[in-house]
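Data block below; observations after.
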Amino acid sequence: MRISTIVFTLLAVTLSPSIRAEVVAKSSAGFVSKHTLNIAAPLQRVFEALTDDVGRWWNPEHSYSGVAANFSIDARAGGCFCEQLKDGSVAHMTVVFVARNSVLRMIGGLGPLQSMAVNGSMTFALTPSDNGGTRLQYEYAVGGYSPEGLEALAEAVDRVQLDQLQRLQRFVETGAPDAPTKP
């Protein structure tokens with residue numbers, strides 16, 4: 001996927017009123033995005049979907065290959081959140097911490113952030129929810145340098161990530177990432 005397509009997609013998502021942003025801090029040097037979702041499934045199922053099934057729920061519009069099935073996460077320290085390309089591959093992030101069925105933490109920059117002098121720490125923390133499901137707490141903290149600053153990218157990156165989290169939730173709850181979310 002060309003960088004211009006990624007930027008266009010980020011701008012289009014920015015203008016979408018149906019998705020709320022959860023940017024909790026932002027400046028020219030970085031931003032922090034947080035979301036909490038309650039998923040109607042046990043911890044083990046959510047963790048397996050997050051890691052083993054990423055190619056089944058990831059939005060292919062936010063890829064270089066255009067094919068979600070090309071994504072994989074090797075859920076071990078040093079493992080790769082990677083995408084296979086026709087003539088190569090992309091290492092989107094590196095796994096730095098795994099506590100099976102509890103925490104997955106990766107570092108790196110997604111999409112246009114990858115070509116900038118920035119880095120991010122993305123954490124998925126899973127805990128049991130009161131209704132027998134799973135509470136997924138997500139945080140992506142990004143910092144570094146960009147001549148234009150990072151503040152302007154915060155909302156767009158957050159919305160793309162919220163879309164991915166909602167697709168994960170729908171996949172776990174319905175088997176289809178594009179299915180409508182339960183009321």
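Ordering of the structure tokens sets the chain letters (A, B, ...), residue numbers begin anew at 1 in every chain, and ligands are numbered from 1 in the order given.
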Taking the chain letters and numbering used in this document, name the residues of range 27-126 of chain A that DSSP puts in helix (DSSP H, G or I), as a short mmCIF file (atom, residue, chain, number, x, y, z; two decimals) with N, CA and C atoms, in the first residue's frame.
```
data_model
loop_
_atom_site.label_atom_id
_atom_site.label_comp_id
_atom_site.auth_asym_id
_atom_site.auth_seq_id
_atom_site.Cartn_x
_atom_site.Cartn_y
_atom_site.Cartn_z
N LEU A 43 -11.17 -15.24 28.60
CA LEU A 43 -9.82 -14.72 28.38
C LEU A 43 -9.05 -15.50 27.32
N GLN A 44 -9.05 -16.81 27.43
CA GLN A 44 -8.27 -17.64 26.51
C GLN A 44 -8.71 -17.43 25.07
N ARG A 45 -10.01 -17.36 24.82
CA ARG A 45 -10.52 -17.16 23.45
C ARG A 45 -10.10 -15.79 22.91
N VAL A 46 -10.19 -14.76 23.74
CA VAL A 46 -9.82 -13.41 23.30
C VAL A 46 -8.33 -13.35 22.99
N PHE A 47 -7.49 -13.93 23.86
CA PHE A 47 -6.05 -13.90 23.62
C PHE A 47 -5.70 -14.68 22.35
N GLU A 48 -6.32 -15.83 22.16
CA GLU A 48 -6.06 -16.62 20.95
C GLU A 48 -6.47 -15.86 19.69
N ALA A 49 -7.62 -15.20 19.74
CA ALA A 49 -8.06 -14.42 18.58
C ALA A 49 -7.09 -13.27 18.32
N LEU A 50 -6.69 -12.59 19.39
CA LEU A 50 -5.77 -11.46 19.27
C LEU A 50 -4.47 -11.87 18.59
N THR A 51 -3.93 -13.00 18.99
CA THR A 51 -2.61 -13.41 18.51
C THR A 51 -2.68 -14.41 17.35
N ASP A 52 -3.37 -15.52 17.54
CA ASP A 52 -3.37 -16.59 16.56
C ASP A 52 -4.25 -16.30 15.34
N VAL A 54 -5.08 -13.09 14.09
CA VAL A 54 -5.00 -11.69 13.65
C VAL A 54 -5.31 -11.56 12.15
N GLY A 55 -4.94 -12.53 11.37
CA GLY A 55 -5.20 -12.50 9.93
C GLY A 55 -6.66 -12.70 9.57
N ARG A 56 -7.49 -13.02 10.56
CA ARG A 56 -8.92 -13.21 10.30
C ARG A 56 -9.75 -11.99 10.68
N TRP A 57 -9.21 -11.09 11.52
CA TRP A 57 -9.98 -9.92 11.93
C TRP A 57 -9.34 -8.59 11.54
N PRO A 60 -8.04 -5.25 6.23
CA PRO A 60 -7.06 -5.25 5.14
C PRO A 60 -6.82 -3.86 4.54
N GLU A 61 -7.72 -2.91 4.81
CA GLU A 61 -7.50 -1.54 4.33
C GLU A 61 -6.28 -0.90 4.99
N HIS A 62 -5.87 -1.46 6.11
CA HIS A 62 -4.72 -0.93 6.84
C HIS A 62 -3.58 -1.94 6.77
N ALA A 68 -5.73 -9.34 4.68
CA ALA A 68 -5.62 -9.54 6.13
C ALA A 68 -4.97 -10.88 6.47
N ALA A 69 -5.20 -11.90 5.67
CA ALA A 69 -4.64 -13.23 5.95
C ALA A 69 -3.12 -13.23 5.93
N ASN A 70 -2.50 -12.17 5.45
CA ASN A 70 -1.04 -12.09 5.41
C ASN A 70 -0.42 -11.66 6.74
N GLY A 111 1.85 1.64 10.23
CA GLY A 111 1.51 2.47 9.08
C GLY A 111 2.54 3.56 8.84
N PRO A 112 2.07 4.81 8.69
CA PRO A 112 3.00 5.91 8.37
C PRO A 112 3.99 6.19 9.50
N LEU A 113 3.70 5.74 10.72
CA LEU A 113 4.63 5.96 11.83
C LEU A 113 5.94 5.21 11.61
N GLN A 114 5.86 4.11 10.86
CA GLN A 114 7.04 3.28 10.65
C GLN A 114 8.17 4.03 9.94
N SER A 115 7.81 4.98 9.09
CA SER A 115 8.85 5.70 8.34
C SER A 115 9.32 6.97 9.05
#
```
Taking only C-alpha atoms into account, which of A:Leu110, A:Val103, A:Leu165, A:Val95 comes nearest Leu126 in chain A?
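Ranking A:Leu110, A:Val103, A:Leu165, A:Val95 by distance to Leu126 in chain A, first place goes to A:Val103.
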Check range 72-110 of chain A with DSSP on the backbone and list each residue it calls strand (DSSP E), as a PyMOL selection string.
chain A and resi 72-73+80-85+88-99+103-107
Two-atom distance - CA of Tyr140 in chain A, CA of Phe31 in chain A (Å):
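These two atoms are separated by 8.1 Å.
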Interatomic distance between CA of His35 in chain A and CA of Leu136 in chain A?
8.1 Å
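For Ile39 in chain A, the set of protein, DNA and RNA residues having any atom at most 10 Å away, when counting only C-alpha atoms and skipping those fewer than 3 positions along the same chain, is Thr36, Pro42, Leu43, Val46, Leu126, Pro128, Ser129, Asn131, Gly132, Gly133, Thr134, Arg135, Leu136, Gln166, Leu168, Gln169, Arg170, Val172 and Glu173 of chain A.
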Close residues, Arg76 in chain A itself excluded, 10 Å, only C-alpha atoms, min 5 positions apart in chain, as JSON, numbers by chain
{"A": [94, 95, 96, 97, 98, 99, 100, 104, 105]}
Please compute the CA of Tyr138 in chain A-CA of Ser28 in chain A distance, one decimal, in Å.
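Computed distance, CA of Tyr138 in chain A to CA of Ser28 in chain A, equals 22.0 Å.
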I need the residue nearest Leu162 in chain A from this list: A:Asp53, A:Asp87, A:Glu139, A:Glu148. Use only C-alpha atoms for the distance.
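Between A:Asp53, A:Asp87, A:Glu139, A:Glu148, the residue approaching Leu162 in chain A most closely is A:Glu139.
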